[in-house]
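I have placed the structure first, in the form of structure tokens, so that the comments after it can refer back to it.
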Amino acid sequence: MTMKKFINDPDDLVSELLSGFALAHADKIKLAGNNQVVRAKPKSRDKVALVTLGGSGHEPALSGYVGEGLLDISVPGEIFAAPGPPRLVEALRMADRPAGVLLIVLNHDGDVMSANMAMEMAEKEGLNVKQILTRDDISTGPRDKPEERRGLIGCLAVIKAAGAAAEQGASLDECCQIANRMERNMATLAVAVTSATHPSTGEAISEIPEKDMVIGMGQHGESGSAQTELATADKTAEIMLDMLIEDLSIQQGEDILLLINGVGSTTLMEQYIVLNSCKKILDSKKINMVRCTAGEFLTVQEMGGFQMFMARMDSELIKLWDAPCKCPCMAT
Amino acid sequence: MTMKKFINDPDDLVSELLSGFALAHADKIKLAGNNQVVRAKPKSRDKVALVTLGGSGHEPALSGYVGEGLLDISVPGEIFAAPGPPRLVEALRMADRPAGVLLIVLNHDGDVMSANMAMEMAEKEGLNVKQILTRDDISTGPRDKPEERRGLIGCLAVIKAAGAAAEQGASLDECCQIANRMERNMATLAVAVTSATHPSTGEAISEIPEKDMVIGMGQHGESGSAQTELATADKTAEIMLDMLIEDLSIQQGEDILLLINGVGSTTLMEQYIVLNSCKKILDSKKINMVRCTAGEFLTVQEMGGFQMFMARMDSELIKLWDAPCKCPCMAT
Amino acid sequence: MMTDALDYEVMVKMLLGAARQIKENHARLSELDSFGGDGDHGTTMLRAMENLENSVSAAQTGQIKKLLSDVAWAVMGTDGGATGPLFGSFFMGMSSGVAEAEVLDVGAVAEMFEAGLNCLRKQTKAQIGDKTVMDALAPAVKEARRAADEGLDIAAVLKQAADAAGEGARSTRDLEPRLGRAKNAAQQSLGHEDPGAVSVSLIFRGFVKGALDNG
Amino acid sequence: MMTDALDYEVMVKMLLGAARQIKENHARLSELDSFGGDGDHGTTMLRAMENLENSVSAAQTGQIKKLLSDVAWAVMGTDGGATGPLFGSFFMGMSSGVAEAEVLDVGAVAEMFEAGLNCLRKQTKAQIGDKTVMDALAPAVKEARRAADEGLDIAAVLKQAADAAGEGARSTRDLEPRLGRAKNAAQQSLGHEDPGAVSVSLIFRGFVKGALDNG
Ligand SMILES: Nc1ncnc2c1ncn2[C@@H]1O[C@H](COP(=O)(O)OP(=O)(O)O)[C@@H](O)[C@H]1O
Ligand SMILES: Nc1ncnc2c1ncn2[C@@H]1O[C@H](COP(=O)(O)OP(=O)(O)O)[C@@H](O)[C@H]1O
Ligand SMILES: [Mg+2]
Ligand SMILES: [Mg+2]
Ligand SMILES: [Mg+2]
Ligand SMILES: [Mg+2]
């Protein structure tokens with residue numbers, strides 16, 4: 001299969017996409033330093049800054065979350081590959097301020113290693129940085145082994161909550177607490193139906209039989225936990241909701257946030273249909289879907305499928321979710 | 001090929017997707033009447049209302065443009081098929097007000113027929129409605145035969161301009177003038193590399209050879225004007241820009257708005273890369289890309305490709321483009 | 001059945017006959033629409049005919065004029081691109097072409113079809129040869145008028161019209177479409193009838209079957 | 001070449017030798033990474049080694065310690081997931097393991113490698129048998145220490161270490177990965193060496209070739 005992507009030299013993927021990204025959203029973000037994505041209008045330096053890092057190829061993630069009420073700096077790496085510690089240290093220096101910096105790291109080996117080394121150096125330099133790991137993929141490990149869980153779209157909820165708190169003037173400790181509360185109360189499960197093409201190599205990153213779907217598929221084509229036959233939106237929603245509800249031990253009457261994140265070629269139409277299925281099922285289980293949305297927030301190139309995210313919400317987390325925000329990929 | 005879409009009964013596609021859409025964007029839109037998409041908070045009735053209609057399956061278009069500074073009502077039809085006149089008349093009645101209603105219609109046979117019949121009835125009922133057709137597809141007819149040009153993503157620019165004017169209190173005539181000025185000064189060209197699957201029939205809506213791309217491909221799989229070999233982002237941008245510039249007779253030193261609209265599985269990454277290519281080429285031609293963006297605003301299911309939109313801008317149109325807006329698929 | 005008067009009950013049977021013809025052939029209609037078009041014509045016509053049937057059973061006035069305008073409105077209400085307005089306007093025109101009378105004579109039947117065609121013409125500039133509904137509808141209406149003027153009875157008029165519609169639909173096989181979605185893939189539809197024209201022919205065939213049905 | 005003293009120039013040659021080995025074999029590394037991983041290991045190592053070469057040519061101090069920390073920083077600066085931090089920390093550890101001295105004796109060489117391994121261990125809890133870089137690196141470092149303690153010269157120590165690394169890399173063939181991206185597709189990589197372990201082995205092979213190179 002010929003790769004059908006509009007690109008130039010594969011070596012220039014990230015630099016070109018970042019230039020285009022900066023052009024497209026010049027009102028909200030800009031590039032600084034060594035391809036750091038920062039806000040067009042920086043937030044006041046007496047407020048806690050939020051920084052994240054992550055591989056490229058997942059657009060709009062993660063740089064698309066830079067903006068009011070969300071991130072201050074995103075450090076994009078190569079395609080599907082975390083940036084190395086030096087650029088992360090650069091970002092932490094840029095973000096450094098008396099109020100402190102919260103570094104949000106998706107739990108993937110490369111990202112974590114980079115972050116750990118950067119944290120070590122930041123400490124040596126006396127920077128005021130705290131780190132939080134997001135580990136929401138319930139398919140890779142049980143709840144009591146969070147280190148085995150990968151970071152999926154859950155990072156957005158953590159960034160939203162901590163970002164809103166920071167914007168409202170919360171201290172670094174408070175931001176950490178909120179981020180931690182969100183992190184502990186969230187869970188994500190992915191499903192994939194078609195593979196994506198790695199834009200550098202032109203190769204399919206996974207193989208999925210024609211009549212199957214893979215539950216638990218990772219963000220880079222890592223195989224999933226269960227390969228089953230294609231199912232309707234209703235049935236797929238039911239399977240996935242049950243796993244998420246069980247993982248979070250959600251009880252009747254509890255309030256949840258639900259997010260359907262399209263990862264590539266699965267249409268918004270389908271995402272809305274799945275969301276509608278979820279609503280029906282949750283209603284029947286008497287679980288309150290107090291907030292929800294659907295859209296492409298973190299993609300895996302043109303992979304077909306979606307990530308279903310669920311979080312147990314309390315009134316403060318709901319308020320933070322509702323707080324105003326404005327970034328390239330969303331606004332309220 | 002098995003269709004790999006998360007759906008239930010194909011007959012329920014539109015009703016289910018609209019329910020999900022309303023759930024996902026409850027802060028911005030809601031359903032009213034017979035599946036009319038209206039603003040969650042209606043705009044003041046002394047301002048001109050904007051209404052549009054169009055087939056479903058193009059999400060977020062067109063209902064995703066309902067919101068502040070944009071549409072008041074969208075009348076979604078079946079998959080790829082305009083709604084019939086009765087629901088459009090219902091919408092026009094709902095929108096009716098002393099300030100008047102502007103009906104924006106994409107030039108496709110079904111949409112135009114529905115709109116014409118609805119306009120006839122609206123006139124009989126004494127409603128104050130004016131209609132504007134958007135005809136931006138330069139691949140289906142020459143500039144002096146606008147009736148042969150299909151309506152593509154250009155509708156968004158017309159809706160943005162007229163919507164901003166309406167929000168600022170412009171009269172119906174003024175809104176019409178602005179919409180017309182935008183419409184006369186815009187042009188769109190589509191390119192497709194992979195087909196989409198019709199979600200009702202499960203069939204591919206077009207066939208594109210493995211190493212080819214189709215320039216001029218329509219929004220429903222209608223064949224394009226030119227089938228050529230796959231090209232790089234730079235080369236594709238050059239070919240398309242040249243055709244758009246020629247169509248609009250854009251001269252050195254003129255100001256343009258450029259929009260890259262992903263239609264499905266072509267990634268945001270690629271859209272940004274193409275936008276970056278465009279910037280380089282336009283710079284070399286001394287044409288000022290004063291505004292630009294990229295994203296999925298009007299899709300064709302999971303088709304691979306994009307629409308490139310260009311408009312000659314004057315200072316008023318730029319101001320209207322910059323005016324605040326807030327709808328499910330964008331916000332400034 | 002009637003020979004020189006078409007009453008409300010017959011009109012109901014004609015309409016339901018048309019619906020039945022379409023329902024039995026919708027898969028073929030979609031297939032025809034897939035050569036260059038978007039493959040949905042059968043599905044849309046199916047929905048249109050379900051709407052038609054519902055409006056027929058809901059109608060209680062006994063007035064042909066009102067029945068036809070209800071049907072027109074229902075068919076138009078089918079969200080299906082060009083189909084709703086095209087076929088809806090044909091029925092709408094039929095309604096405006098009949099008097100408040102309770103029965104139609106053979107001349108009134110021809111006039112009814114002519115009014116339908118005229119109303120549809122307001123929706124489209126399609127001419128014979130453009131490979132659209134027009135290729136079946138125009139000859140059918142013309143033939144109905146000719147037969148009526150010749151003094152044939154209503155059953156015969158309907159039959160002649162249906163034959164002309166069928167002939168017209170078949171004639172589209174060798175045409176390249178000049179209107180509608182399919183025009184952009186003109187070559188692909190060569191050798192295949194136009195789906196809209198076939199629908200017209202099925203509807204007229206259904207009128208005949210419905211009218212002759214004594215059940 | 002040296003037998004009992006490793007000076008700045010030799011260290012440069014060793015580093016460049018390592019880079020050459022990787023560059024000649026990057027396609028194989030990517031291929032190995034495609035069995036269960038994401039197929040980018042070769043590309044990333046290639047970029048890492050380009051960064052390494054650049055930092056070597058930019059380094060002018062003549063100090064091994066500084067040279068190694070520059071190299072470490074450059075390798076870490078490769079945006080490539082796990083690779084930058086893993087290999088970068090190995091070089092960083094090597095730097096911290098050598099004194100400010102201008103030449104290293106055979107004991108110092110063994111110590112340097114041990115420090116590299118220890119620094120890498122801070123990044124990962126990988127153990128031998130997990131099918132990672134550790135399967136090649138741990139035996140290589142252990143063997144270097146054994147050989148040094150036995151009184152072999154530096155060339156022989158490097159060679160023994162490289163052999164042990166190669167052995168270690170080959171041993172990963174029959175393992176299922178327990179760490180890294182590939183662990184989620186453990187079966188797929190059965191029968192194939194771990195790309196990271198092969199990289200370690202190539203780097204040690206490059207050290208030998210570089211050190212023995214008299215050009
Ligand atoms: N502009 C037009 N004028 C007359 N008939 C048309 C026109 N456009 C389409 N048609 C008819 O409609 C048929 C296609 O109907 P359908 O597939 O239901 O609508 P759509 O083209 O919107 O998908 C064509 O076969 C043709 O007969
Ligand atoms: N947690 C880990 N501990 C030790 N080595 C690891 C770990 N994760 C990955 N590796 C090593 O890295 C190699 C893959 O490197 P590479 O493909 O460049 O990174 P990525 O997995 O981020 O794509 C593996 O073959 C393995 O040797
Ligand atoms: Mg990688
Ligand atoms: Mg259609
Ligand atoms: Mg059709
Ligand atoms: Mg890899």
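All residue names refer to the structure tokens as shown: chains lettered A, B, ... in order, residues numbered from 1 in each chain, ligands numbered from 1 in order.
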TODO: Using DSSP on the backbone coordinates, identify the residues of segment 144-329 of chain A assigned to helix (DSSP H, G or I); present them as number ranges by chain.
DONE: A: 146-148, 154-167, 172-184, 233-248, 268-284, 315-322
Open item on the list: List as a PyMOL selection string the protein and nucleic acid residues near Ile64 of chain D, meaning an atom at most 8 Å away when only C-alpha atoms are counted, but skip any in the same chain fewer than 4 places from it.
Closed with: chain D and resi 7-8+11+68+95+98+100-103
TODO: Go through A:Phe306, A:Trp321, A:Phe6, A:Phe297 one by one, measure the shortest atom-to-atom distance of each to chain B using only C-alpha atoms, and give the residue with the smallest value.
DONE: A:Phe6
TODO: Just give me the gap between atom CA of Ser55 of chain C and atom CA of Val198 of chain C in Å, one decimal is fine.
DONE: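 That distance, rounded to one decimal, is 23.3 Å.
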Open item on the list: Quick check: residues of chain B within 7 Å of chain A, only C-alpha atoms, returned as a PyMOL selection string.
Closed with: chain B and resi 2+4-8+16-17+19-21+23-25+57+59-60+193+210-211+232-234+264-270+272-273+275-276+292-294+301-302+330-331
Hey, can you spit out that residue selection with N, CA and C atoms as a compact mmCIF listing (two decimals), in the first residue's frame?
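File out.txt, as written:
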```txt
# COMPACT_ATOMS: atom_id res chain seq x y z
N THR B 2 -15.29 -4.83 4.50
CA THR B 2 -16.30 -4.59 5.53
C THR B 2 -16.24 -3.12 5.94
N LYS B 4 -16.14 -0.33 8.49
CA LYS B 4 -15.70 -0.33 9.88
C LYS B 4 -16.14 0.95 10.57
N LYS B 5 -17.43 1.07 10.73
CA LYS B 5 -17.97 2.26 11.37
C LYS B 5 -18.76 1.87 12.61
N PHE B 6 -18.67 2.72 13.61
CA PHE B 6 -19.43 2.50 14.84
C PHE B 6 -20.81 3.12 14.67
N ILE B 7 -21.75 2.30 14.19
CA ILE B 7 -23.10 2.79 14.01
C ILE B 7 -24.06 1.71 14.49
N ASN B 8 -25.34 2.07 14.54
CA ASN B 8 -26.36 1.07 14.82
C ASN B 8 -27.16 0.87 13.54
N GLU B 16 -29.62 9.65 15.70
CA GLU B 16 -28.68 9.33 16.77
C GLU B 16 -27.51 10.31 16.80
N LEU B 17 -27.03 10.67 15.64
CA LEU B 17 -25.88 11.58 15.65
C LEU B 17 -26.30 12.94 16.17
N SER B 19 -28.66 13.50 18.41
CA SER B 19 -28.78 13.41 19.87
C SER B 19 -27.40 13.51 20.52
N GLY B 20 -26.45 12.78 19.97
CA GLY B 20 -25.09 12.83 20.51
C GLY B 20 -24.48 14.22 20.38
N PHE B 21 -24.73 14.84 19.26
CA PHE B 21 -24.23 16.18 19.00
C PHE B 21 -24.78 17.16 20.04
N LEU B 23 -25.86 16.39 23.01
CA LEU B 23 -25.25 16.07 24.31
C LEU B 23 -23.84 16.67 24.40
N ALA B 24 -23.08 16.50 23.35
CA ALA B 24 -21.67 16.90 23.38
C ALA B 24 -21.48 18.41 23.48
N HIS B 25 -22.45 19.15 22.96
CA HIS B 25 -22.29 20.61 22.90
C HIS B 25 -23.45 21.33 23.54
N GLY B 57 -23.64 13.82 7.57
CA GLY B 57 -22.51 12.99 7.17
C GLY B 57 -21.26 13.81 6.91
N GLU B 59 -20.09 16.08 9.29
CA GLU B 59 -19.83 16.66 10.58
C GLU B 59 -18.37 17.14 10.71
N PRO B 60 -18.13 18.32 11.32
CA PRO B 60 -19.07 19.14 12.07
C PRO B 60 -20.02 19.98 11.23
N VAL B 193 -7.54 11.64 -1.92
CA VAL B 193 -6.59 10.54 -2.15
C VAL B 193 -7.17 9.17 -1.81
N GLU B 210 -4.43 3.51 -6.56
CA GLU B 210 -3.54 3.51 -5.40
C GLU B 210 -2.49 4.61 -5.41
N LYS B 211 -2.03 4.98 -6.60
CA LYS B 211 -0.94 5.96 -6.63
C LYS B 211 -1.43 7.34 -7.06
N THR B 232 3.98 15.62 -3.42
CA THR B 232 4.33 16.10 -2.08
C THR B 232 3.36 17.19 -1.67
N ALA B 233 3.44 17.55 -0.40
CA ALA B 233 2.64 18.66 0.10
C ALA B 233 2.99 19.94 -0.66
N ASP B 234 4.27 20.19 -0.85
CA ASP B 234 4.69 21.40 -1.56
C ASP B 234 4.10 21.47 -2.96
N GLY B 264 -11.45 14.31 6.25
CA GLY B 264 -11.71 13.05 6.94
C GLY B 264 -10.46 12.46 7.54
N SER B 265 -9.80 11.56 6.79
CA SER B 265 -8.67 10.86 7.39
C SER B 265 -7.33 11.55 7.16
N THR B 266 -7.31 12.59 6.38
CA THR B 266 -6.06 13.35 6.27
C THR B 266 -5.84 14.07 7.59
N THR B 267 -4.66 13.84 8.17
CA THR B 267 -4.42 14.30 9.54
C THR B 267 -4.26 15.82 9.63
N LEU B 268 -4.47 16.31 10.84
CA LEU B 268 -4.16 17.71 11.12
C LEU B 268 -2.68 17.98 10.83
N MET B 269 -1.84 17.02 11.17
CA MET B 269 -0.41 17.13 10.87
C MET B 269 -0.21 17.51 9.41
N GLU B 270 -0.84 16.77 8.51
CA GLU B 270 -0.69 17.06 7.08
C GLU B 270 -1.29 18.41 6.71
N TYR B 272 -1.44 21.03 8.52
CA TYR B 272 -0.49 22.06 8.93
C TYR B 272 0.69 22.11 7.97
N ILE B 273 1.16 20.95 7.53
CA ILE B 273 2.29 20.91 6.60
C ILE B 273 1.90 21.59 5.29
N LEU B 275 -0.40 23.85 4.91
CA LEU B 275 -0.54 25.29 5.17
C LEU B 275 0.84 25.96 5.15
N ASN B 276 1.81 25.27 5.72
CA ASN B 276 3.17 25.78 5.72
C ASN B 276 3.71 25.89 4.29
N CYS B 292 -5.27 32.82 8.17
CA CYS B 292 -5.31 31.44 7.68
C CYS B 292 -5.69 30.53 8.83
N THR B 293 -6.18 29.37 8.50
CA THR B 293 -6.36 28.34 9.52
C THR B 293 -6.44 26.98 8.85
N ALA B 294 -6.45 25.95 9.68
CA ALA B 294 -6.56 24.59 9.19
C ALA B 294 -7.38 23.80 10.19
N GLN B 301 -17.18 12.04 5.49
CA GLN B 301 -16.89 10.79 6.18
C GLN B 301 -15.37 10.63 6.34
N GLU B 302 -14.84 9.43 6.05
CA GLU B 302 -13.40 9.22 6.27
C GLU B 302 -12.60 9.39 4.99
N MET B 330 -15.64 25.71 16.50
CA MET B 330 -14.57 26.71 16.61
C MET B 330 -14.97 27.84 17.55
N ALA B 331 -13.97 28.60 17.93
CA ALA B 331 -14.21 29.74 18.82
C ALA B 331 -13.02 30.66 18.70
```
